[in-house]
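**Q** File input-v7.pdb follows (PDB, C-alpha atoms):
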ATOM      1  CA  MET R   1      -6.996  -6.841 -22.708  1.00  0.00           C
ATOM      2  CA  PRO R   2      -3.468  -8.347 -22.702  1.00  0.00           C
ATOM      3  CA  THR R   3      -2.322 -10.062 -19.551  1.00  0.00           C
ATOM      4  CA  ASP R   4       1.016  -9.769 -17.817  1.00  0.00           C
ATOM      5  CA  PRO R   5       2.528 -12.730 -15.980  1.00  0.00           C
ATOM      6  CA  TRP R   6       2.728 -12.240 -12.233  1.00  0.00           C
ATOM      7  CA  PRO R   7       6.442 -12.129 -11.333  1.00  0.00           C
ATOM      8  CA  ASN R   8       7.796 -14.765  -9.015  1.00  0.00           C
ATOM      9  CA  ALA R   9       8.066 -13.465  -5.471  1.00  0.00           C
ATOM     10  CA  PRO R  10      11.724 -13.239  -4.400  1.00  0.00           C
ATOM     11  CA  GLU R  11      13.013 -15.533  -1.687  1.00  0.00           C
ATOM     12  CA  LEU R  12      12.642 -13.752   1.623  1.00  0.00           C
ATOM     13  CA  PRO R  13      15.838 -13.035   3.571  1.00  0.00           C
ATOM     14  CA  ARG R  14      15.755 -14.794   6.923  1.00  0.00           C
ATOM     15  CA  PRO R  15      14.678 -14.409   9.596  1.00  0.00           C
ATOM     16  CA  VAL R  16      10.999 -13.618   9.036  1.00  0.00           C
ATOM     17  CA  ILE R  17      10.354 -10.536  11.163  1.00  0.00           C
ATOM     18  CA  MET R  18       6.580 -10.216  10.722  1.00  0.00           C
ATOM     19  CA  ASP R  19       3.621 -12.221   9.447  1.00  0.00           C
ATOM     20  CA  GLN R  20       0.224 -10.690   8.643  1.00  0.00           C
ATOM     21  CA  ARG R  21      -2.785 -10.782   6.346  1.00  0.00           C
ATOM     22  CA  TRP R  22      -4.187  -7.940   4.241  1.00  0.00           C
ATOM     23  CA  THR R  23      -7.900  -8.247   3.383  1.00  0.00           C
ATOM     24  CA  ASP R  24     -10.652  -6.255   1.641  1.00  0.00           C
ATOM     25  CA  THR R  25      -8.091  -4.190  -0.228  1.00  0.00           C
ATOM     26  CA  VAL R  26      -9.135  -1.210  -2.352  1.00  0.00           C
ATOM     27  CA  PHE R  27      -6.597   0.227  -4.821  1.00  0.00           C
ATOM     28  CA  LEU R  28      -7.142   3.660  -6.420  1.00  0.00           C
ATOM     29  CA  HIS R  29      -4.394   5.047  -8.694  1.00  0.00           C
ATOM     30  CA  TRP R  30      -3.749   8.250 -10.627  1.00  0.00           C
ATOM     31  CA  ARG R  31      -1.069   9.199 -13.135  1.00  0.00           C
ATOM     32  CA  ILE R  32       1.368  11.884 -12.015  1.00  0.00           C
ATOM     33  CA  PRO R  33       4.480  13.383 -13.666  1.00  0.00           C
ATOM     34  CA  GLU R  34       7.684  11.478 -13.029  1.00  0.00           C
ATOM     35  CA  ALA R  35       9.340  14.653 -11.732  1.00  0.00           C
ATOM     36  CA  VAL R  36       6.671  15.008  -9.043  1.00  0.00           C
ATOM     37  CA  ALA R  37       7.270  11.479  -7.756  1.00  0.00           C
ATOM     38  CA  ALA R  38      11.058  11.928  -7.942  1.00  0.00           C
ATOM     39  CA  ALA R  39      10.924  14.653  -5.291  1.00  0.00           C
ATOM     40  CA  PHE R  40       9.720  12.071  -2.742  1.00  0.00           C
ATOM     41  CA  MET R  41      12.165   9.267  -3.549  1.00  0.00           C
ATOM     42  CA  PRO R  42      14.774   8.272  -0.946  1.00  0.00           C
ATOM     43  CA  ARG R  43      18.357   8.503  -2.141  1.00  0.00           C
ATOM     44  CA  GLY R  44      19.342   5.549  -4.292  1.00  0.00           C
ATOM     45  CA  VAL R  45      15.943   4.929  -5.897  1.00  0.00           C
ATOM     46  CA  VAL R  46      13.952   6.545  -8.706  1.00  0.00           C
ATOM     47  CA  PRO R  47      10.261   6.522  -9.666  1.00  0.00           C
ATOM     48  CA  ASP R  48       9.169   3.268 -11.303  1.00  0.00           C
ATOM     49  CA  VAL R  49       7.440   4.549 -14.428  1.00  0.00           C
ATOM     50  CA  PHE R  50       4.710   2.793 -16.405  1.00  0.00           C
ATOM     51  CA  ASP R  51       3.335   4.070 -19.716  1.00  0.00           C
ATOM     52  CA  GLY R  52       5.398   7.239 -19.410  1.00  0.00           C
ATOM     53  CA  SER R  53       4.025   8.204 -15.995  1.00  0.00           C
ATOM     54  CA  ALA R  54       4.635   7.743 -12.321  1.00  0.00           C
ATOM     55  CA  TRP R  55       1.626   6.671 -10.262  1.00  0.00           C
ATOM     56  CA  VAL R  56       0.249   7.599  -6.859  1.00  0.00           C
ATOM     57  CA  GLY R  57      -2.007   5.200  -5.000  1.00  0.00           C
ATOM     58  CA  LEU R  58      -4.654   5.569  -2.307  1.00  0.00           C
ATOM     59  CA  ILE R  59      -4.910   2.121  -0.731  1.00  0.00           C
ATOM     60  CA  GLY R  60      -7.186   0.860   2.027  1.00  0.00           C
ATOM     61  CA  PHE R  61      -7.134  -2.586   3.622  1.00  0.00           C
ATOM     62  CA  ARG R  62      -7.769  -4.482   6.841  1.00  0.00           C
ATOM     63  CA  MET R  63      -4.634  -5.636   8.640  1.00  0.00           C
ATOM     64  CA  GLN R  64      -5.409  -8.937  10.327  1.00  0.00           C
ATOM     65  CA  GLY R  65      -3.386 -11.067  12.697  1.00  0.00           C
ATOM     66  CA  ALA R  66      -0.076  -9.212  12.452  1.00  0.00           C
ATOM     67  CA  GLY R  67       2.507 -10.911  14.630  1.00  0.00           C
ATOM     68  CA  LEU R  68       6.246 -10.952  15.181  1.00  0.00           C
ATOM     69  CA  GLY R  69       8.243 -13.586  13.348  1.00  0.00           C
ATOM     70  CA  ARG R  70       6.147 -16.642  12.597  1.00  0.00           C
ATOM     71  CA  GLY R  71       4.265 -16.336  15.865  1.00  0.00           C
ATOM     72  CA  PRO R  72       0.538 -15.796  16.325  1.00  0.00           C
ATOM     73  CA  GLY R  73      -1.064 -12.433  15.736  1.00  0.00           C
ATOM     74  CA  VAL R  74      -0.790  -9.895  18.522  1.00  0.00           C
ATOM     75  CA  PRO R  75      -4.226  -9.478  20.160  1.00  0.00           C
ATOM     76  CA  TYR R  76      -5.901  -6.112  19.437  1.00  0.00           C
ATOM     77  CA  PHE R  77      -2.745  -4.378  18.176  1.00  0.00           C
ATOM     78  CA  GLY R  78      -2.289  -6.868  15.333  1.00  0.00           C
ATOM     79  CA  SER R  79      -5.622  -6.134  13.638  1.00  0.00           C
ATOM     80  CA  PHE R  80      -6.707  -2.715  12.382  1.00  0.00           C
ATOM     81  CA  ASN R  81      -7.579  -0.767   9.245  1.00  0.00           C
ATOM     82  CA  GLU R  82      -4.795   0.927   7.304  1.00  0.00           C
ATOM     83  CA  ILE R  83      -5.165   3.585   4.626  1.00  0.00           C
ATOM     84  CA  ASN R  84      -1.995   4.643   2.848  1.00  0.00           C
ATOM     85  CA  VAL R  85      -0.788   6.968   0.114  1.00  0.00           C
ATOM     86  CA  ARG R  86       2.121   5.522  -1.820  1.00  0.00           C
ATOM     87  CA  LEU R  87       4.436   5.911  -4.789  1.00  0.00           C
ATOM     88  CA  TYR R  88       6.447   3.297  -6.709  1.00  0.00           C
ATOM     89  CA  SER R  89      10.223   3.021  -6.649  1.00  0.00           C
ATOM     90  CA  ARG R  90      13.018   1.192  -8.430  1.00  0.00           C
ATOM     91  CA  GLU R  91      16.674   0.582  -7.651  1.00  0.00           C
ATOM     92  CA  ALA R  92      19.474   0.624 -10.224  1.00  0.00           C
ATOM     93  CA  ASP R  93      19.446  -3.192 -10.346  1.00  0.00           C
ATOM     94  CA  GLY R  94      15.724  -3.228 -11.107  1.00  0.00           C
ATOM     95  CA  THR R  95      14.471  -4.076  -7.606  1.00  0.00           C
ATOM     96  CA  ARG R  96      11.015  -2.564  -7.265  1.00  0.00           C
ATOM     97  CA  GLY R  97       9.296  -1.271  -4.162  1.00  0.00           C
ATOM     98  CA  VAL R  98       6.899   1.262  -2.743  1.00  0.00           C
ATOM     99  CA  VAL R  99       7.541   4.566  -0.996  1.00  0.00           C
ATOM    100  CA  PHE R 100       4.918   5.467   1.567  1.00  0.00           C
ATOM    101  CA  LEU R 101       3.947   9.109   1.924  1.00  0.00           C
ATOM    102  CA  SER R 102       1.477   8.436   4.736  1.00  0.00           C
ATOM    103  CA  LEU R 103      -0.206   5.514   6.484  1.00  0.00           C
ATOM    104  CA  ASP R 104      -3.293   6.176   8.608  1.00  0.00           C
ATOM    105  CA  ALA R 105      -4.243   3.816  11.440  1.00  0.00           C
ATOM    106  CA  SER R 106      -6.189   3.966  14.689  1.00  0.00           C
ATOM    107  CA  ARG R 107      -3.788   1.979  16.915  1.00  0.00           C
ATOM    108  CA  LEU R 108      -1.661   4.637  18.636  1.00  0.00           C
ATOM    109  CA  ALA R 109       0.959   2.162  19.879  1.00  0.00           C
ATOM    110  CA  VAL R 110       1.419   0.823  16.338  1.00  0.00           C
ATOM    111  CA  VAL R 111       1.678   4.365  14.960  1.00  0.00           C
ATOM    112  CA  LEU R 112       4.335   5.390  17.501  1.00  0.00           C
ATOM    113  CA  ALA R 113       6.398   2.228  16.995  1.00  0.00           C
ATOM    114  CA  ALA R 114       6.293   2.562  13.199  1.00  0.00           C
ATOM    115  CA  ARG R 115       7.210   6.259  13.274  1.00  0.00           C
ATOM    116  CA  ALA R 116      10.199   5.423  15.465  1.00  0.00           C
ATOM    117  CA  ALA R 117      11.329   3.105  12.660  1.00  0.00           C
ATOM    118  CA  GLY R 118      10.970   5.835  10.033  1.00  0.00           C
ATOM    119  CA  ILE R 119       7.591   4.775   8.587  1.00  0.00           C
ATOM    120  CA  PRO R 120       5.240   7.811   8.261  1.00  0.00           C
ATOM    121  CA  TYR R 121       2.197   6.510  10.143  1.00  0.00           C
ATOM    122  CA  VAL R 122      -0.520   8.951  11.221  1.00  0.00           C
ATOM    123  CA  TRP R 123      -2.897   8.394  14.138  1.00  0.00           C
ATOM    124  CA  SER R 124      -6.440   8.678  12.823  1.00  0.00           C
ATOM    125  CA  ARG R 125      -9.989   7.597  13.414  1.00  0.00           C
ATOM    126  CA  ASP R 126     -11.075   5.190  10.666  1.00  0.00           C
ATOM    127  CA  ARG R 127     -13.951   2.945   9.666  1.00  0.00           C
ATOM    128  CA  PHE R 128     -14.341  -0.030   7.336  1.00  0.00           C
ATOM    129  CA  ARG R 129     -17.390  -0.065   5.068  1.00  0.00           C
ATOM    130  CA  GLY R 130     -18.315  -3.678   4.270  1.00  0.00           C
ATOM    131  CA  ALA R 131     -20.517  -4.791   1.401  1.00  0.00           C
ATOM    132  CA  SER R 132     -24.112  -5.772   2.096  1.00  0.00           C
ATOM    133  CA  PRO R 133     -26.965  -7.209   0.026  1.00  0.00           C
ATOM    134  CA  SER R 134     -28.356  -3.699  -0.437  1.00  0.00           C
ATOM    135  CA  ASP R 135     -24.997  -2.013  -1.111  1.00  0.00           C
ATOM    136  CA  PRO R 136     -22.104  -3.883  -2.792  1.00  0.00           C
ATOM    137  CA  SER R 137     -19.596  -1.130  -1.982  1.00  0.00           C
ATOM    138  CA  THR R 138     -16.498  -1.817   0.077  1.00  0.00           C
ATOM    139  CA  GLY R 139     -14.322   1.017   1.333  1.00  0.00           C
ATOM    140  CA  TYR R 140     -12.864   3.114   4.125  1.00  0.00           C
ATOM    141  CA  ALA R 141     -13.426   6.410   5.906  1.00  0.00           C
ATOM    142  CA  VAL R 142     -10.599   8.278   7.665  1.00  0.00           C
ATOM    143  CA  ARG R 143     -10.660  11.320   9.924  1.00  0.00           C
ATOM    144  CA  ARG R 144      -7.359  12.642  11.219  1.00  0.00           C
ATOM    145  CA  PHE R 145      -7.433  14.189  14.646  1.00  0.00           C
ATOM    146  CA  ARG R 146      -7.427  17.948  15.311  1.00  0.00           C
ATOM    147  CA  GLY R 147      -9.224  18.801  12.095  1.00  0.00           C
ATOM    148  CA  GLY R 148      -6.665  17.167   9.830  1.00  0.00           C
ATOM    149  CA  ALA R 149      -7.188  15.614   6.412  1.00  0.00           C
ATOM    150  CA  ARG R 150      -9.993  13.159   5.822  1.00  0.00           C
ATOM    151  CA  SER R 151     -10.944  10.614   3.209  1.00  0.00           C
ATOM    152  CA  ASP R 152     -13.997   8.577   2.292  1.00  0.00           C
ATOM    153  CA  PHE R 153     -13.791   6.115  -0.591  1.00  0.00           C
ATOM    154  CA  ALA R 154     -15.520   2.932  -1.683  1.00  0.00           C
ATOM    155  CA  VAL R 155     -15.779   0.686  -4.727  1.00  0.00           C
ATOM    156  CA  ALA R 156     -18.157  -1.927  -6.085  1.00  0.00           C
ATOM    157  CA  PRO R 157     -16.026  -4.919  -7.162  1.00  0.00           C
ATOM    158  CA  GLU R 158     -16.734  -6.696 -10.429  1.00  0.00           C
ATOM    159  CA  PHE R 159     -15.934 -10.262  -9.391  1.00  0.00           C
ATOM    160  CA  ASP R 160     -16.485 -11.556 -12.911  1.00  0.00           C
ATOM    161  CA  VAL R 161     -13.748  -9.278 -14.320  1.00  0.00           C
ATOM    162  CA  GLU R 162     -10.283 -10.403 -13.250  1.00  0.00           C
ATOM    163  CA  ALA R 163      -7.538  -7.760 -13.494  1.00  0.00           C
ATOM    164  CA  SER R 164      -4.334  -9.222 -14.911  1.00  0.00           C
ATOM    165  CA  ASP R 165      -3.329  -6.464 -17.327  1.00  0.00           C
ATOM    166  CA  PRO R 166       0.236  -5.052 -17.222  1.00  0.00           C
ATOM    167  CA  LEU R 167      -0.704  -1.888 -15.310  1.00  0.00           C
ATOM    168  CA  SER R 168      -2.550  -3.797 -12.583  1.00  0.00           C
ATOM    169  CA  VAL R 169       0.398  -6.138 -12.127  1.00  0.00           C
ATOM    170  CA  HIS R 170       2.841  -3.200 -12.109  1.00  0.00           C
ATOM    171  CA  LEU R 171       0.922  -1.476  -9.308  1.00  0.00           C
ATOM    172  CA  THR R 172       0.377  -4.511  -7.086  1.00  0.00           C
ATOM    173  CA  ALA R 173       3.313  -6.903  -7.621  1.00  0.00           C
ATOM    174  CA  ARG R 174       5.464  -5.139  -5.050  1.00  0.00           C
ATOM    175  CA  PHE R 175       7.714  -7.093  -2.718  1.00  0.00           C
ATOM    176  CA  GLY R 176       9.205  -4.459  -0.454  1.00  0.00           C
ATOM    177  CA  LEU R 177       9.337  -0.844   0.584  1.00  0.00           C
ATOM    178  CA  HIS R 178      12.016   1.839   0.398  1.00  0.00           C
ATOM    179  CA  THR R 179      12.378   4.249   3.296  1.00  0.00           C
ATOM    180  CA  ARG R 180      14.901   6.518   5.001  1.00  0.00           C
ATOM    181  CA  PHE R 181      16.059   5.673   8.508  1.00  0.00           C
ATOM    182  CA  ARG R 182      18.841   7.467  10.359  1.00  0.00           C
ATOM    183  CA  GLY R 183      20.264   8.924   7.168  1.00  0.00           C
ATOM    184  CA  ARG R 184      20.247   5.663   5.206  1.00  0.00           C
ATOM    185  CA  THR R 185      17.920   4.225   2.580  1.00  0.00           C
ATOM    186  CA  LEU R 186      16.518   0.851   3.607  1.00  0.00           C
ATOM    187  CA  TYR R 187      14.728  -1.796   1.602  1.00  0.00           C
ATOM    188  CA  VAL R 188      12.331  -3.904   3.681  1.00  0.00           C
ATOM    189  CA  PRO R 189      11.398  -7.031   1.673  1.00  0.00           C
ATOM    190  CA  ASN R 190       8.170  -8.954   1.822  1.00  0.00           C
ATOM    191  CA  THR R 191       6.644 -11.873  -0.022  1.00  0.00           C
ATOM    192  CA  HIS R 192       3.133 -13.021  -0.831  1.00  0.00           C
ATOM    193  CA  ALA R 193       1.181 -14.982  -3.402  1.00  0.00           C
ATOM    194  CA  PRO R 194      -0.313 -13.134  -6.384  1.00  0.00           C
ATOM    195  CA  TRP R 195      -3.138 -10.815  -5.387  1.00  0.00           C
ATOM    196  CA  PRO R 196      -6.555 -12.107  -6.503  1.00  0.00           C
ATOM    197  CA  LEU R 197      -7.437  -8.881  -8.338  1.00  0.00           C
ATOM    198  CA  PHE R 198     -10.740  -7.674  -9.744  1.00  0.00           C
ATOM    199  CA  ARG R 199     -11.788  -4.544 -11.518  1.00  0.00           C
ATOM    200  CA  ALA R 200     -14.102  -2.245  -9.586  1.00  0.00           C
ATOM    201  CA  GLN R 201     -16.195   0.881  -9.985  1.00  0.00           C
ATOM    202  CA  VAL R 202     -15.844   3.876  -7.691  1.00  0.00           C
ATOM    203  CA  THR R 203     -19.023   4.536  -5.716  1.00  0.00           C
ATOM    204  CA  VAL R 204     -17.684   7.073  -3.186  1.00  0.00           C
ATOM    205  CA  LEU R 205     -14.623   9.290  -3.433  1.00  0.00           C
ATOM    206  CA  GLU R 206     -13.991  12.369  -1.304  1.00  0.00           C
ATOM    207  CA  ASP R 207     -10.283  12.375  -0.539  1.00  0.00           C
ATOM    208  CA  GLN R 208      -7.858  14.815   1.070  1.00  0.00           C
ATOM    209  CA  LEU R 209      -5.064  12.372   1.963  1.00  0.00           C
ATOM    210  CA  VAL R 210      -3.307  12.467  -1.412  1.00  0.00           C
ATOM    211  CA  ALA R 211      -3.238  16.282  -1.393  1.00  0.00           C
ATOM    212  CA  ALA R 212      -2.113  16.288   2.262  1.00  0.00           C
ATOM    213  CA  ALA R 213       0.831  14.115   1.214  1.00  0.00           C
ATOM    214  CA  GLY R 214       1.895  16.792  -1.270  1.00  0.00           C
ATOM    215  CA  ILE R 215       0.554  15.311  -4.510  1.00  0.00           C
ATOM    216  CA  ALA R 216      -2.042  17.046  -6.695  1.00  0.00           C
ATOM    217  CA  VAL R 217      -4.414  14.849  -8.708  1.00  0.00           C
ATOM    218  CA  SER R 218      -7.634  15.634 -10.514  1.00  0.00           C
ATOM    219  CA  GLY R 219     -10.481  13.629 -11.924  1.00  0.00           C
ATOM    220  CA  PRO R 220     -11.327  10.009 -11.255  1.00  0.00           C
ATOM    221  CA  PRO R 221      -8.575   7.429 -10.726  1.00  0.00           C
ATOM    222  CA  GLU R 222      -7.409   5.677 -13.880  1.00  0.00           C
ATOM    223  CA  SER R 223      -6.999   2.329 -12.146  1.00  0.00           C
ATOM    224  CA  VAL R 224      -9.599   0.970  -9.686  1.00  0.00           C
ATOM    225  CA  LEU R 225      -9.040  -2.501  -8.223  1.00  0.00           C
ATOM    226  CA  PHE R 226     -10.281  -4.694  -5.389  1.00  0.00           C
ATOM    227  CA  SER R 227      -8.782  -7.784  -3.776  1.00  0.00           C
ATOM    228  CA  PRO R 228     -10.143 -10.096  -1.074  1.00  0.00           C
ATOM    229  CA  GLY R 229      -6.567 -10.200   0.224  1.00  0.00           C
ATOM    230  CA  VAL R 230      -3.304 -12.071   0.680  1.00  0.00           C
ATOM    231  CA  ARG R 231      -1.097 -13.306   3.483  1.00  0.00           C
ATOM    232  CA  THR R 232       2.357 -11.735   3.569  1.00  0.00           C
ATOM    233  CA  GLN R 233       5.633 -12.029   5.454  1.00  0.00           C
ATOM    234  CA  PHE R 234       8.399  -9.458   5.941  1.00  0.00           C
ATOM    235  CA  GLY R 235      12.110 -10.228   6.056  1.00  0.00           C
ATOM    236  CA  ARG R 236      15.275  -8.587   7.311  1.00  0.00           C
ATOM    237  CA  PRO R 237      15.850  -5.036   5.949  1.00  0.00           C
ATOM    238  CA  ARG R 238      18.962  -4.213   3.947  1.00  0.00           C
ATOM    239  CA  VAL R 239      20.801  -0.940   3.491  1.00  0.00           C
ATOM    240  CA  LEU R 240      21.196   0.374  -0.069  1.00  0.00           C
ATOM    241  CA  ARG R 241      24.871   0.778  -0.780  1.00  0.00           C
ATOM    242  CA  GLY R 242      25.953   4.158  -2.057  1.00  0.00           C
ATOM    243  CA  ALA R 243      22.709   5.816  -0.936  1.00  0.00           C
ATOM    244  CA  ASP R 244      24.096   7.484   2.203  1.00  0.00           C
TER     245      ASP R 244
END
How does this structure look as structure tokens?
**A**
Amino acid sequence: MPTDPWPNAPELPRPVIMDQRWTDTVFLHWRIPEAVAAAFMPRGVVPDVFDGSAWVGLIGFRMQGAGLGRGPGVPYFGSFNEINVRLYSREADGTRGVVFLSLDASRLAVVLAARAAGIPYVWSRDRFRGASPSDPSTGYAVRRFRGGARSDFAVAPEFDVEASDPLSVHLTARFGLHTRFRGRTLYVPNTHAPWPLFRAQVTVLEDQLVAAAGIAVSGPPESVLFSPGVRTQFGRPRVLRGAD
């Protein structure tokens, strides 16, 4: 399968506002019509299309050691599981990002702080499923409170099959997020080394989070990936001009 060079991460605007590590990351992706994704885009950005389609992702990972600036990780609140549903965005100048439809986490203080900043976190009960000698699957289970949506998904990584094809790079080489805050579209940049990516096979998939976010998918995901993780840093947000 052809490979696609990993793009150079952009230089991060100073100051660094947050440092963290994402580990045991599971990526599941489905094709969706571009028009469906367009309905969720903040003003000033459009869906970033690959192979004629927009893509929706169900992503689970373990946040570890998140801290402010370059400081140490915040005890307890800086480490938790996160499960998000996301789309892919692009500005007129080609800057690419993600648009989060939901982000589930169990740390209520983190959820409240993020929602105050316009990031759609949801307070949920979640669990990480680690691989074992008897079961190579790695994944996540989510249960929203008050009978809300739930999800249970896991994959068996194929560590001898590296994923460096153009679609895998398109879905994971993302260095920022687009969001609306107080009537403006913001771009929050981040930087990290290339994901160590491997193909994986789905072993468990019972999901309601994508549908709860307003996206209909059917059948198995077209792209299934696993990564041991990367360290990342976030920089100062910028306002998109002309997107008011």
**Q** At what distance in Å, to one decimal, does atom CA of Val110 of chain R lie from atom CA of Gly147 of chain R?
**A** 21.3 Å
**Q** What does the PyMOL selection byres ((chain R and resi 60-64) around 10) select in this file, as an MDAnalysis selection string?
**A** chainID R and resid 19:28 57:59 65:67 73:85 103:105 128 138:142 153:154 226:229 231
**Q** Identify which of the residues R:Ala131, R:Ile119, R:Leu171, R:Ile17 lies closest to Thr203 of chain R, counting all atoms listed in the file when measuring atom-to-atom distances.
**A** R:Ala131
**Q** Just the residues within 8 Å of segment 216-225 of chain R, please, counting all atoms listed in the file, with nothing from its chain fewer than 5 positions along; format it as an NGL selection string.
**A** :R and (26-32 or 155 or 157 or 163 or 168 or 197-202 or 210-211)
**Q** Measure the distance from atom CA of Asn190 of chain R to atom CA of Gly176 of chain R in Å and round it to one decimal.
**A**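 Interatomic distance here is 5.1 Å.
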**Q** If you apply the PyMOL selection byres ((chain R and resi 167) around 10) to this file, what residues do you get, as a VMD selection string?
**A** chain R and resid 3 to 4 50 to 51 163 to 166 168 to 172 223
**Q** List, as a PyMOL selection string, every residue that the PyMOL selection byres ((chain R and resi 40) around 12) selects in the file provided.
**A** chain R and resi 34-39+41-47+54+56+86-89+98-102+178-180+213-215
**Q** Can you work out the spacing between atom CA of Arg115 of chain R and atom CA of Phe181 of chain R in Å, to one decimal?
**A** 10.1 Å
